[in-house]
file data.cif (mmCIF, C-alpha atoms)
data_structure
loop_
_atom_site.label_atom_id
_atom_site.label_comp_id
_atom_site.auth_asym_id
_atom_site.auth_seq_id
_atom_site.Cartn_x
_atom_site.Cartn_y
_atom_site.Cartn_z
CA MET E 1 -57.65 20.93 44.06
CA ASP E 2 -55.10 18.33 42.96
CA LEU E 3 -51.71 19.95 43.24
CA ALA E 4 -49.62 16.93 42.27
CA ALA E 5 -48.94 18.31 38.79
CA VAL E 6 -47.89 21.66 40.26
CA HIS E 7 -45.52 19.96 42.69
CA THR E 8 -44.03 17.85 39.88
CA GLY E 9 -43.51 20.97 37.75
CA ILE E 10 -41.75 22.74 40.61
CA SER E 11 -39.55 19.73 41.29
CA ASP E 12 -38.55 19.45 37.63
CA TYR E 13 -37.81 23.17 37.33
CA TYR E 14 -35.52 23.35 40.35
CA THR E 15 -33.88 20.01 39.62
CA ALA E 16 -32.83 21.45 36.25
CA LYS E 17 -31.52 24.60 37.98
CA ILE E 18 -29.38 22.78 40.54
CA ARG E 19 -28.01 20.47 37.86
CA LYS E 20 -27.02 23.43 35.72
CA PHE E 21 -25.63 25.80 38.34
CA GLY E 22 -24.85 23.59 41.36
CA ALA E 23 -25.22 24.63 44.99
CA THR E 24 -25.07 28.36 44.29
CA PRO E 25 -27.66 31.16 44.37
CA LEU E 26 -28.15 30.65 40.62
CA GLY E 27 -28.93 27.01 41.35
CA VAL E 28 -32.01 28.15 43.27
CA ASP E 29 -32.82 30.92 40.79
CA TRP E 30 -31.45 33.96 42.63
CA THR E 31 -29.08 36.39 40.94
CA CYS E 32 -26.42 36.46 43.63
CA LEU E 33 -25.66 35.66 47.25
CA PRO E 34 -26.30 39.17 48.62
CA THR E 35 -29.84 39.36 47.20
CA GLN E 36 -30.52 35.79 48.37
CA GLU E 37 -29.40 36.70 51.88
CA LEU E 38 -31.19 40.05 51.91
CA ARG E 39 -34.37 37.97 51.62
CA PHE E 40 -33.30 35.86 54.60
CA VAL E 41 -32.80 39.05 56.60
CA GLN E 42 -36.43 40.01 55.99
CA LEU E 43 -37.95 36.54 56.40
CA LEU E 44 -36.17 35.85 59.68
CA LYS E 45 -37.73 38.92 61.26
CA VAL E 46 -40.54 36.55 62.21
CA CYS E 47 -38.18 34.77 64.63
CA ASP E 48 -37.23 35.63 68.17
CA PHE E 49 -33.56 34.71 68.39
CA THR E 50 -33.27 35.43 72.10
CA SER E 51 -33.97 31.78 72.93
CA PRO E 52 -33.42 28.41 71.18
CA LEU E 53 -35.89 27.75 68.41
CA SER E 54 -36.96 25.26 65.78
CA LEU E 55 -37.29 26.33 62.18
CA ASN E 56 -38.81 24.78 59.06
CA ASP E 57 -37.37 26.05 55.78
CA LEU E 58 -39.85 25.25 53.02
CA GLY E 59 -38.28 25.19 49.56
CA CYS E 60 -34.91 25.00 51.25
CA GLY E 61 -32.89 24.26 48.12
CA TYR E 62 -29.33 23.34 49.03
CA GLY E 63 -29.74 24.79 52.52
CA ALA E 64 -28.24 28.22 51.89
CA LEU E 65 -30.13 29.53 54.91
CA LEU E 66 -27.94 27.43 57.22
CA SER E 67 -24.80 29.26 56.21
CA TYR E 68 -26.53 32.58 56.83
CA LEU E 69 -27.85 31.41 60.23
CA ASP E 70 -24.40 30.18 61.24
CA ARG E 71 -22.92 33.56 60.43
CA ARG E 72 -25.58 35.93 61.70
CA HIS E 73 -27.26 33.96 64.49
CA ALA E 74 -24.46 31.73 65.71
CA GLY E 75 -25.35 32.44 69.34
CA CYS E 76 -28.85 30.97 69.06
CA PRO E 77 -29.32 27.17 68.99
CA ILE E 78 -31.57 26.42 66.03
CA ASP E 79 -33.13 23.08 65.24
CA TYR E 80 -33.45 23.25 61.45
CA VAL E 81 -35.44 21.14 59.01
CA GLY E 82 -35.25 21.91 55.30
CA VAL E 83 -38.08 20.73 53.06
CA ASP E 84 -37.94 20.60 49.29
CA LEU E 85 -39.75 18.98 46.37
CA SER E 86 -36.59 18.31 44.39
CA GLN E 87 -34.68 15.18 45.36
CA ALA E 88 -31.65 16.44 43.44
CA MET E 89 -31.69 19.60 45.53
CA LEU E 90 -31.96 17.56 48.73
CA ARG E 91 -29.02 15.36 47.74
CA ARG E 92 -26.88 18.51 47.41
CA ALA E 93 -28.15 19.84 50.70
CA ARG E 94 -27.46 16.62 52.60
CA ARG E 95 -23.98 16.36 51.16
CA LEU E 96 -23.21 20.01 51.93
CA TRP E 97 -24.47 19.92 55.52
CA ARG E 98 -23.76 16.31 56.48
CA ASN E 99 -21.55 17.38 59.40
CA ARG E 100 -23.80 20.08 60.73
CA PRO E 101 -25.66 19.17 63.92
CA ASN E 102 -29.36 19.96 64.30
CA ALA E 103 -30.00 20.13 60.57
CA SER E 104 -31.94 17.65 58.48
CA PHE E 105 -33.67 17.64 55.14
CA VAL E 106 -36.92 15.99 54.09
CA HIS E 107 -38.65 15.53 50.80
CA GLY E 108 -42.12 16.98 50.36
CA HIS E 109 -44.31 19.99 49.79
CA ALA E 110 -44.96 20.77 53.46
CA GLY E 111 -43.20 20.76 56.78
CA SER E 112 -43.29 17.32 58.36
CA ARG E 113 -43.26 18.59 61.92
CA LEU E 114 -44.53 21.43 64.04
CA ALA E 115 -41.75 24.01 64.45
CA ASP E 116 -41.62 27.35 66.22
CA TYR E 117 -41.32 29.14 62.91
CA SER E 118 -41.38 28.45 59.19
CA ILE E 119 -40.05 30.46 56.32
CA ALA E 120 -40.30 30.06 52.54
CA SER E 121 -38.22 32.18 50.19
CA GLY E 122 -39.17 32.70 46.58
CA ILE E 123 -41.36 29.63 46.26
CA PHE E 124 -44.33 31.48 44.77
CA ASN E 125 -42.47 33.48 42.11
CA VAL E 126 -42.06 31.08 39.20
CA GLN E 127 -45.53 30.15 38.03
CA LEU E 128 -44.30 27.54 35.55
CA GLY E 129 -47.12 28.08 33.06
CA GLN E 130 -49.81 27.17 35.55
CA PRO E 131 -53.14 29.00 35.16
CA PRO E 132 -53.54 31.78 37.76
CA ASP E 133 -56.34 30.00 39.64
CA VAL E 134 -54.29 26.82 39.97
CA TRP E 135 -51.20 28.75 41.09
CA GLU E 136 -53.18 30.73 43.62
CA GLY E 137 -54.69 27.47 44.84
CA PHE E 138 -51.15 26.21 45.36
CA ILE E 139 -50.24 29.38 47.25
CA ALA E 140 -53.31 29.14 49.49
CA ALA E 141 -52.65 25.46 50.23
CA THR E 142 -49.02 26.20 51.03
CA LEU E 143 -49.92 29.07 53.35
CA ASP E 144 -52.40 26.78 55.12
CA GLN E 145 -49.66 24.19 55.65
CA LEU E 146 -47.17 26.79 56.82
CA HIS E 147 -49.71 27.98 59.37
CA ARG E 148 -50.47 24.44 60.55
CA THR E 149 -46.80 23.60 61.04
CA SER E 150 -45.71 26.85 62.73
CA ARG E 151 -46.16 27.31 66.46
CA HIS E 152 -45.49 31.06 66.56
CA GLY E 153 -45.55 32.22 62.96
CA PHE E 154 -44.19 32.05 59.46
CA SER E 155 -42.98 34.33 56.72
CA VAL E 156 -43.02 34.21 52.93
CA ASN E 157 -42.14 36.60 50.15
CA PHE E 158 -43.86 37.59 46.93
CA MET E 159 -42.83 39.54 43.89
CA ARG E 160 -44.64 42.84 43.86
CA ALA E 161 -47.05 43.53 41.05
CA PRO E 162 -45.51 46.06 38.62
CA PRO E 163 -46.80 49.64 38.52
CA ALA E 164 -49.96 50.20 36.51
CA GLY E 165 -49.26 50.22 32.80
CA THR E 166 -46.13 48.09 33.11
CA PRO E 167 -46.41 44.58 31.70
CA GLU E 168 -46.01 41.57 33.95
CA ARG E 169 -42.90 39.48 33.40
CA LYS E 170 -44.07 36.36 31.63
CA GLY E 171 -44.09 33.21 33.72
CA LEU E 172 -43.68 35.01 37.03
CA TYR E 173 -46.32 35.42 39.69
CA SER E 174 -46.65 38.75 41.42
CA ALA E 175 -49.20 40.07 43.85
CA GLU E 176 -50.46 43.16 45.59
CA PRO E 177 -49.31 43.01 49.21
CA GLU E 178 -52.80 43.21 50.66
CA ARG E 179 -54.06 40.19 48.73
CA TRP E 180 -52.34 37.49 50.78
CA ALA E 181 -52.16 39.48 53.99
CA ARG E 182 -55.95 39.61 53.96
CA TYR E 183 -56.11 35.90 53.25
CA CYS E 184 -53.89 35.02 56.22
CA ALA E 185 -55.71 37.38 58.57
CA ALA E 186 -59.12 36.01 57.59
CA GLN E 187 -58.19 32.36 57.30
CA PHE E 188 -55.95 31.99 60.33
CA GLY E 189 -57.04 34.90 62.52
CA ALA E 190 -53.38 35.83 62.47
CA ALA E 191 -51.58 39.15 62.86
CA THR E 192 -49.89 40.10 59.61
CA GLU E 193 -47.08 42.48 58.88
CA MET E 194 -45.70 43.50 55.51
CA LEU E 195 -42.08 44.40 54.95
CA ASP E 196 -40.94 46.24 51.86
CA GLY E 197 -38.69 49.09 50.84
CA TYR E 198 -35.58 46.92 51.03
CA GLY E 199 -34.58 47.57 47.46
CA LEU E 200 -35.99 44.45 45.82
CA ARG E 201 -39.12 44.17 43.74
CA GLU E 202 -40.96 42.19 46.33
CA PHE E 203 -42.44 42.25 49.79
CA THR E 204 -42.21 39.93 52.75
CA LEU E 205 -45.34 38.83 54.55
CA ILE E 206 -44.95 37.95 58.21
CA VAL E 207 -47.79 36.02 59.78
CA ARG E 208 -47.89 35.61 63.55
CA ARG E 209 -50.32 33.55 65.58
CA ARG E 210 -52.34 35.63 67.98
CA SER E 211 -52.27 32.82 70.53
CA VAL E 212 -49.78 30.01 71.06
CA SER E 213 -52.22 27.54 72.56
CA ILE E 214 -51.76 24.76 70.04
CA MET J 1 -6.05 45.25 29.33
CA GLY J 2 -6.59 43.22 26.21
CA ALA J 3 -3.80 41.05 27.54
CA PHE J 4 -6.12 39.78 30.25
CA MET J 5 -9.28 39.28 28.24
CA LYS J 6 -7.65 37.70 25.17
CA GLU J 7 -10.35 36.48 22.76
CA ASP J 8 -13.00 37.25 25.39
CA ASP J 9 -12.44 40.98 24.83
CA ILE J 10 -15.69 40.91 22.86
CA TYR J 11 -17.52 40.53 26.21
CA ILE J 12 -16.06 43.66 27.82
CA GLY J 13 -19.13 45.67 26.86
CA THR J 14 -21.36 42.99 28.36
CA PHE J 15 -19.49 43.12 31.66
CA LEU J 16 -19.73 46.91 31.75
CA ASP J 17 -23.47 46.59 31.12
CA LEU J 18 -23.89 44.10 33.95
CA PHE J 19 -22.46 46.71 36.31
CA ASN J 20 -24.44 49.54 34.75
CA ILE J 21 -27.75 47.72 35.13
CA ARG J 22 -27.16 46.80 38.77
CA PHE J 23 -26.07 50.38 39.61
CA ALA J 24 -28.57 52.16 37.35
CA PRO J 25 -30.97 54.86 38.48
CA THR J 26 -33.88 53.14 40.19
CA PRO J 27 -36.70 52.99 37.67
CA PHE J 28 -39.11 55.83 38.29
CA SER J 29 -42.47 55.07 39.75
CA ALA J 30 -45.08 57.54 40.91
CA ASP J 31 -46.00 55.01 43.57
CA ALA J 32 -43.28 55.10 46.21
CA MET J 33 -44.19 51.57 47.25
CA THR J 34 -43.13 50.18 43.91
CA VAL J 35 -39.64 51.66 43.87
CA TYR J 36 -37.07 48.91 43.57
CA GLY J 37 -34.01 47.75 41.70
CA GLY J 38 -30.98 49.63 40.47
CA ILE J 39 -29.06 51.78 42.91
CA ASP J 40 -31.77 51.37 45.57
CA GLU J 41 -31.19 47.64 45.58
CA MET J 42 -27.43 48.13 45.80
CA THR J 43 -27.86 50.65 48.61
CA ALA J 44 -29.97 48.16 50.56
CA LEU J 45 -27.38 45.43 50.01
CA GLN J 46 -24.55 47.74 51.03
CA GLY J 47 -26.47 48.84 54.14
CA GLU J 48 -27.10 45.26 55.21
CA PHE J 49 -23.87 43.52 54.28
CA GLY J 50 -21.23 46.22 53.64
CA ILE J 51 -20.35 44.56 50.35
CA PHE J 52 -18.01 47.36 49.31
CA SER J 53 -15.29 48.11 51.78
CA SER J 54 -11.99 49.91 52.07
CA LYS J 55 -10.59 46.50 53.06
CA ARG J 56 -11.99 44.60 50.07
CA PRO J 57 -11.07 45.21 46.43
CA PHE J 58 -13.87 45.84 44.01
CA SER J 59 -13.15 42.60 42.12
CA ALA J 60 -14.08 40.53 45.20
CA SER J 61 -17.40 42.33 45.56
CA ALA J 62 -18.02 42.07 41.81
CA ALA J 63 -17.59 38.29 42.05
CA LEU J 64 -20.03 38.15 44.94
CA LEU J 65 -22.61 40.16 42.99
CA GLY J 66 -22.26 38.01 39.90
CA LEU J 67 -20.92 40.89 37.80
CA GLY J 68 -18.90 38.42 35.79
CA GLY J 69 -21.99 36.92 34.25
CA ILE J 70 -23.13 33.33 34.38
CA HIS J 71 -22.60 31.87 30.94
CA LYS J 72 -18.87 31.80 30.30
CA ALA J 73 -16.62 30.94 33.22
CA LEU J 74 -13.37 31.67 31.41
CA ALA J 75 -14.51 35.13 30.34
CA LYS J 76 -15.71 35.85 33.88
CA ASN J 77 -12.38 34.79 35.35
CA ARG J 78 -10.50 36.92 32.86
CA TRP J 79 -12.68 39.90 33.66
CA LEU J 80 -12.07 39.53 37.39
CA GLU J 81 -8.34 39.14 36.70
CA LEU J 82 -8.43 42.33 34.68
CA LEU J 83 -10.08 44.15 37.58
CA ARG J 84 -7.51 42.76 40.03
CA ASN J 85 -4.71 44.10 37.84
CA LEU J 86 -5.94 47.62 37.22
CA PRO J 87 -2.99 50.02 37.49
CA ASP J 88 -2.26 52.06 40.64
CA ASN J 89 -4.40 49.77 42.81
CA GLY J 90 -7.40 50.75 40.70
CA ASP J 91 -9.34 47.76 42.00
CA GLN J 92 -9.33 49.23 45.51
CA GLN J 93 -9.80 52.77 44.20
CA ILE J 94 -13.12 51.69 42.72
CA ALA J 95 -14.23 50.07 45.99
CA ASP J 96 -13.27 53.22 47.93
CA ALA J 97 -15.20 55.43 45.50
CA LEU J 98 -18.29 53.25 45.83
CA VAL J 99 -18.06 53.25 49.63
CA ALA J 100 -17.89 57.06 49.60
CA ASN J 101 -20.81 57.19 47.18
CA PHE J 102 -22.98 54.96 49.38
CA ARG J 103 -22.39 57.34 52.28
CA LYS J 104 -24.17 60.07 50.33
CA LYS J 105 -27.88 60.54 50.77
CA PRO J 106 -29.02 59.55 48.28
CA PRO J 107 -26.12 57.76 46.59
CA LEU J 108 -25.62 58.50 42.90
CA PRO J 109 -26.21 55.79 40.33
CA CYS J 110 -22.90 54.56 38.96
CA TYR J 111 -21.75 54.14 35.41
CA MET J 112 -18.78 52.10 34.26
CA ARG J 113 -17.10 52.61 30.94
CA ALA J 114 -13.68 52.31 29.32
CA HIS J 115 -11.15 54.78 27.95
CA ASP J 116 -8.07 54.43 25.79
CA ALA J 117 -5.11 53.51 27.98
CA ARG J 118 -2.67 54.13 25.12
CA ILE J 119 -3.00 57.88 25.51
CA LYS J 120 -0.22 59.31 27.64
CA GLY J 121 -1.24 59.62 31.29
CA GLU J 122 -4.50 57.71 30.81
CA ASN J 123 -3.39 54.27 31.94
CA ARG J 124 -5.29 54.63 35.21
CA VAL J 125 -8.80 54.29 36.60
CA ILE J 126 -10.62 57.59 36.23
CA ILE J 127 -13.40 58.34 38.70
CA ILE J 128 -15.65 61.33 38.22
CA GLU J 129 -18.27 62.33 40.76
CA SER J 130 -21.51 63.96 39.70
CA ASP J 131 -20.80 63.25 36.06
CA ALA J 132 -23.21 63.11 33.14
CA PRO J 133 -21.83 60.24 31.05
CA LEU J 134 -25.00 59.67 29.04
CA PHE J 135 -26.15 62.73 27.11
CA TYR J 136 -29.60 61.20 26.59
CA LEU J 137 -30.27 60.90 30.34
CA GLU J 138 -30.66 63.90 32.58
CA GLN J 139 -29.06 62.07 35.43
CA LYS J 140 -25.95 62.58 37.50
CA TYR J 141 -23.74 59.55 38.01
CA LEU J 142 -20.56 58.46 39.66
CA THR J 143 -18.58 57.51 36.59
CA ILE J 144 -15.83 54.90 36.74
CA SER J 145 -13.70 54.58 33.64
CA LEU J 146 -11.34 51.66 33.17
CA PRO J 147 -8.20 51.90 31.06
CA MET J 148 -8.34 49.56 28.08
CA ALA J 149 -6.15 48.86 25.10
CA PRO J 150 -6.54 46.39 22.27
CA ARG J 151 -4.83 43.07 22.64
CA ARG J 152 -1.82 42.58 20.46
CA GLN J 153 -2.34 40.15 17.63
CA PRO J 154 0.05 37.23 17.81
CA ALA J 155 2.93 37.65 15.38
CA LYS J 156 2.46 35.63 12.22
CA LYS J 157 4.98 32.88 11.70
CA LYS J 158 7.20 33.47 8.76
CA ALA J 159 7.00 30.83 6.12
CA LYS J 160 10.10 28.72 6.01
CA LYS J 161 12.20 29.18 2.94
CA LYS J 162 12.47 26.07 0.96
#
call {"tool": "encode", "arguments": {"input": "data.cif", "output": "structure tokens"}}
result
Amino acid sequence: MDLAAVHTGISDYYTAKIRKFGATPLGVDWTCLPTQELRFVQLLKVCDFTSPLSLNDLGCGYGALLSYLDRRHAGCPIDYVGVDLSQAMLRRARRLWRNRPNASFVHGHAGSRLADYSIASGIFNVQLGQPPDVWEGFIAATLDQLHRTSRHGFSVNFMRAPPAGTPERKGLYSAEPERWARYCAAQFGAATEMLDGYGLREFTLIVRRRSVSI
Amino acid sequence: MGAFMKEDDIYIGTFLDLFNIRFAPTPFSADAMTVYGGIDEMTALQGEFGIFSSKRPFSASAALLGLGGIHKALAKNRWLELLRNLPDNGDQQIADALVANFRKKPPLPCYMRAHDARIKGENRVIIIESDAPLFYLEQKYLTISLPMAPRRQPAKKKAKKK
């Protein structure tokens, strides 16, 4: 499946957001800082912060995760690489974090290196008018890449499908939790864990390698 | 309070709504796994980050939560200024009431409205626990009522006598 058009659509969408709202949660399509960071809390449960680690942040935006890591996990040395499709987003990120050691940003749709862990927050939510099969192809390809570039595991989040009888919000992708957990378990032979009940209409999928012999 | 909002006083209802949506009763779902939003979301945020605190006025938390909206910076700034200048340290009173509410299990949804500050003794924040502010909802709330008064119209210049 050729995902170039999907990647271009994503880049255009988030470039428009960052130009309109700047390096703020709204600039990466979240309502406010607390909800943005509540997602980080869940996603980072994949990581073991008891020893130094490397982390890929796919769809990093302006690097908001770094400020959270510096506050909550200051005691753990973290080698961070942010990856994003939007060059405008990356320009903001590089300017914002130019003095921060062990942080770099690269352009692309996948991590460029093997890291201990990868996370991706909110990158599957805005479907951008893509047909469901194309969008799910994009999700599957992205999960494959996250798995390939993560030594110990990765985590992603999805909007939860609304209760039966409630209409979907137009333009947004939502899923039943089991759908992608099953995919990761079958495709990667990985151990999966689902986190929910943290007040947001979504769930976090944590995918851990069963063996680290890569 | 019209003195703070000036011509943006038309947005006061919008700002109250922003609060009331974020602190609303969590939409009912028969499936416990699909419960989200409203006061449950706020409870999760408070549990994780302690957004509301006895050491932080409500206006600071409101700014963090985007309760000043996103479309009109001047109106947002005026709204936050209004909150900061509520009489009798009302800004902190609201934060304290929310902190106490979040300690309850479960916390009540919260409803913000306005009352007429021109009435004697009413120029203060009024907080009512276990209130029923909306007759069409069978739901108990923590109600927070802000004192408001219309802004004074600028005096018209008298025409110069020729």
call {"tool": "resolve_selection", "arguments": {"input": "data.cif", "expression": "the PyMOL selection byres ((chain J and resi 62-65) around 12)", "output": "NGL selection string"}}
result
(:E and (24-26 or 30-37)) or (:J and (15-16 or 18-19 or 22-23 or 41-42 or 45-46 or 49-53 or 56-61 or 66-70 or 73 or 76-84 or 91-92 or 94-95 or 98))
call {"tool": "write_last_selection", "arguments": {"input": "data.cif", "atoms": "C-alpha atoms", "output": "PDB file, keeping the file's coordinate frame"}}
result
ATOM      1  CA  THR E  24     -25.070  28.360  44.290  1.00  0.00           C
ATOM      2  CA  PRO E  25     -27.660  31.160  44.370  1.00  0.00           C
ATOM      3  CA  LEU E  26     -28.150  30.650  40.620  1.00  0.00           C
ATOM      4  CA  TRP E  30     -31.450  33.960  42.630  1.00  0.00           C
ATOM      5  CA  THR E  31     -29.080  36.390  40.940  1.00  0.00           C
ATOM      6  CA  CYS E  32     -26.420  36.460  43.630  1.00  0.00           C
ATOM      7  CA  LEU E  33     -25.660  35.660  47.250  1.00  0.00           C
ATOM      8  CA  PRO E  34     -26.300  39.170  48.620  1.00  0.00           C
ATOM      9  CA  THR E  35     -29.840  39.360  47.200  1.00  0.00           C
ATOM     10  CA  GLN E  36     -30.520  35.790  48.370  1.00  0.00           C
ATOM     11  CA  GLU E  37     -29.400  36.700  51.880  1.00  0.00           C
TER      12      GLU E  37
ATOM     13  CA  PHE J  15     -19.490  43.120  31.660  1.00  0.00           C
ATOM     14  CA  LEU J  16     -19.730  46.910  31.750  1.00  0.00           C
ATOM     15  CA  LEU J  18     -23.890  44.100  33.950  1.00  0.00           C
ATOM     16  CA  PHE J  19     -22.460  46.710  36.310  1.00  0.00           C
ATOM     17  CA  ARG J  22     -27.160  46.800  38.770  1.00  0.00           C
ATOM     18  CA  PHE J  23     -26.070  50.380  39.610  1.00  0.00           C
ATOM     19  CA  GLU J  41     -31.190  47.640  45.580  1.00  0.00           C
ATOM     20  CA  MET J  42     -27.430  48.130  45.800  1.00  0.00           C
ATOM     21  CA  LEU J  45     -27.380  45.430  50.010  1.00  0.00           C
ATOM     22  CA  GLN J  46     -24.550  47.740  51.030  1.00  0.00           C
ATOM     23  CA  PHE J  49     -23.870  43.520  54.280  1.00  0.00           C
ATOM     24  CA  GLY J  50     -21.230  46.220  53.640  1.00  0.00           C
ATOM     25  CA  ILE J  51     -20.350  44.560  50.350  1.00  0.00           C
ATOM     26  CA  PHE J  52     -18.010  47.360  49.310  1.00  0.00           C
ATOM     27  CA  SER J  53     -15.290  48.110  51.780  1.00  0.00           C
ATOM     28  CA  ARG J  56     -11.990  44.600  50.070  1.00  0.00           C
ATOM     29  CA  PRO J  57     -11.070  45.210  46.430  1.00  0.00           C
ATOM     30  CA  PHE J  58     -13.870  45.840  44.010  1.00  0.00           C
ATOM     31  CA  SER J  59     -13.150  42.600  42.120  1.00  0.00           C
ATOM     32  CA  ALA J  60     -14.080  40.530  45.200  1.00  0.00           C
ATOM     33  CA  SER J  61     -17.400  42.330  45.560  1.00  0.00           C
ATOM     34  CA  GLY J  66     -22.260  38.010  39.900  1.00  0.00           C
ATOM     35  CA  LEU J  67     -20.920  40.890  37.800  1.00  0.00           C
ATOM     36  CA  GLY J  68     -18.900  38.420  35.790  1.00  0.00           C
ATOM     37  CA  GLY J  69     -21.990  36.920  34.250  1.00  0.00           C
ATOM     38  CA  ILE J  70     -23.130  33.330  34.380  1.00  0.00           C
ATOM     39  CA  ALA J  73     -16.620  30.940  33.220  1.00  0.00           C
ATOM     40  CA  LYS J  76     -15.710  35.850  33.880  1.00  0.00           C
ATOM     41  CA  ASN J  77     -12.380  34.790  35.350  1.00  0.00           C
ATOM     42  CA  ARG J  78     -10.500  36.920  32.860  1.00  0.00           C
ATOM     43  CA  TRP J  79     -12.680  39.900  33.660  1.00  0.00           C
ATOM     44  CA  LEU J  80     -12.070  39.530  37.390  1.00  0.00           C
ATOM     45  CA  GLU J  81      -8.340  39.140  36.700  1.00  0.00           C
ATOM     46  CA  LEU J  82      -8.430  42.330  34.680  1.00  0.00           C
ATOM     47  CA  LEU J  83     -10.080  44.150  37.580  1.00  0.00           C
ATOM     48  CA  ARG J  84      -7.510  42.760  40.030  1.00  0.00           C
ATOM     49  CA  ASP J  91      -9.340  47.760  42.000  1.00  0.00           C
ATOM     50  CA  GLN J  92      -9.330  49.230  45.510  1.00  0.00           C
ATOM     51  CA  ILE J  94     -13.120  51.690  42.720  1.00  0.00           C
ATOM     52  CA  ALA J  95     -14.230  50.070  45.990  1.00  0.00           C
ATOM     53  CA  LEU J  98     -18.290  53.250  45.830  1.00  0.00           C
TER      54      LEU J  98
END
call {"tool": "resolve_selection", "arguments": {"input": "data.cif", "expression": "the PyMOL selection byres ((chain E) within 12 of (chain J))", "output": "NGL selection string"}}
result
:E and (20-21 or 24-27 or 29-42 or 68 or 71-72 or 159-166 or 175-177 or 194-203)
call {"tool": "resolve_selection", "arguments": {"input": "data.cif", "expression": "the PyMOL selection byres ((chain E and resi 148) around 12)", "output": "PyMOL selection string"}}
result
chain E and resi 56+110-118+141-147+149-154+184+187-188+190+207-209+212+214
call {"tool": "atom_distance", "arguments": {"input": "data.cif", "atom1": "CA of Met5 in chain J", "atom2": "CA of Cys110 in chain J"}}
result
23.1 Å
call {"tool": "residues_around", "arguments": {"input": "data.cif", "residues": "His73 in chain E", "least_positions_apart": "5", "cutoff": "12 Å", "atoms": "only C-alpha atoms", "output": "ChimeraX atom specification"}}
result
/E:40-41,44,47-53,65-68,78
call {"tool": "atom_distance", "arguments": {"input": "data.cif", "atom1": "CA of Glu129 in chain J", "atom2": "CA of Thr14 in chain J"}}
result
23.2 Å
call {"tool": "residues_around", "arguments": {"input": "data.cif", "residues": "Ile144 in chain J", "least_positions_apart": "6", "cutoff": "6 Å", "atoms": "all atoms listed in the file", "output": "tab-separated table (two decimals) with C-alpha atoms, in the frame of the given file"}}
result
chain	number	residue	atom	x	y	z
J	112	MET	CA	-18.78	52.10	34.26
J	126	ILE	CA	-10.62	57.59	36.23
J	127	ILE	CA	-13.40	58.34	38.70
call {"tool": "atom_distance", "arguments": {"input": "data.cif", "atom1": "CA of Thr204 in chain E", "atom2": "CA of Gly189 in chain E"}}
result
18.5 Å
call {"tool": "closest_residue", "arguments": {"input": "data.cif", "among": "E:Val81, E:Val28, E:Leu69, E:Met1", "to": "Val126 in chain E", "atoms": "all atoms listed in the file"}}
result
E:Val28
call {"tool": "residues_around", "arguments": {"input": "data.cif", "residues": "Gly59 in chain E", "least_positions_apart": "2", "cutoff": "8 Å", "atoms": "all atoms listed in the file", "output": "PyMOL selection string"}}
result
chain E and resi 57+61+82-85+109+120-121+123
call {"tool": "closest_residue", "arguments": {"input": "data.cif", "among": "J:Leu108, J:Val99, J:Tyr11, J:Lys55", "to": "His71 in chain J", "atoms": "only C-alpha atoms"}}
result
J:Tyr11
call {"tool": "closest_residue", "arguments": {"input": "data.cif", "among": "J:Leu146, J:Tyr141, J:Asn123, J:Gly90", "to": "Pro106 in chain J", "atoms": "all atoms listed in the file"}}
result
J:Tyr141
call {"tool": "decode", "arguments": {"input": "data.cif", "residues": "range 133-151 of chain E", "atoms": "C-alpha atoms", "output": "mmCIF file, in the first residue's frame"}}
result
data_model
loop_
_atom_site.group_PDB
_atom_site.id
_atom_site.type_symbol
_atom_site.label_atom_id
_atom_site.label_comp_id
_atom_site.auth_asym_id
_atom_site.auth_seq_id
_atom_site.Cartn_x
_atom_site.Cartn_y
_atom_site.Cartn_z
ATOM 1 C CA ASP E 133 -8.993 0.482 4.748
ATOM 2 C CA VAL E 134 -6.283 2.970 3.807
ATOM 3 C CA TRP E 135 -6.189 4.442 7.322
ATOM 4 C CA GLU E 136 -6.008 1.010 8.903
ATOM 5 C CA GLY E 137 -3.233 0.148 6.458
ATOM 6 C CA PHE E 138 -1.386 3.214 7.718
ATOM 7 C CA ILE E 139 -1.948 2.130 11.324
ATOM 8 C CA ALA E 140 -0.703 -1.400 10.645
ATOM 9 C CA ALA E 141 2.387 -0.114 8.818
ATOM 10 C CA THR E 142 3.127 2.302 11.648
ATOM 11 C CA LEU E 143 2.758 -0.393 14.299
ATOM 12 C CA ASP E 144 5.124 -2.611 12.288
ATOM 13 C CA GLN E 145 7.704 0.188 12.219
ATOM 14 C CA LEU E 146 7.278 0.923 15.904
ATOM 15 C CA HIS E 147 7.901 -2.739 16.645
ATOM 16 C CA ARG E 148 10.962 -2.881 14.392
ATOM 17 C CA THR E 149 12.533 0.182 15.992
ATOM 18 C CA SER E 150 11.811 -0.670 19.647
ATOM 19 C CA ARG E 151 14.146 -2.946 21.584
#
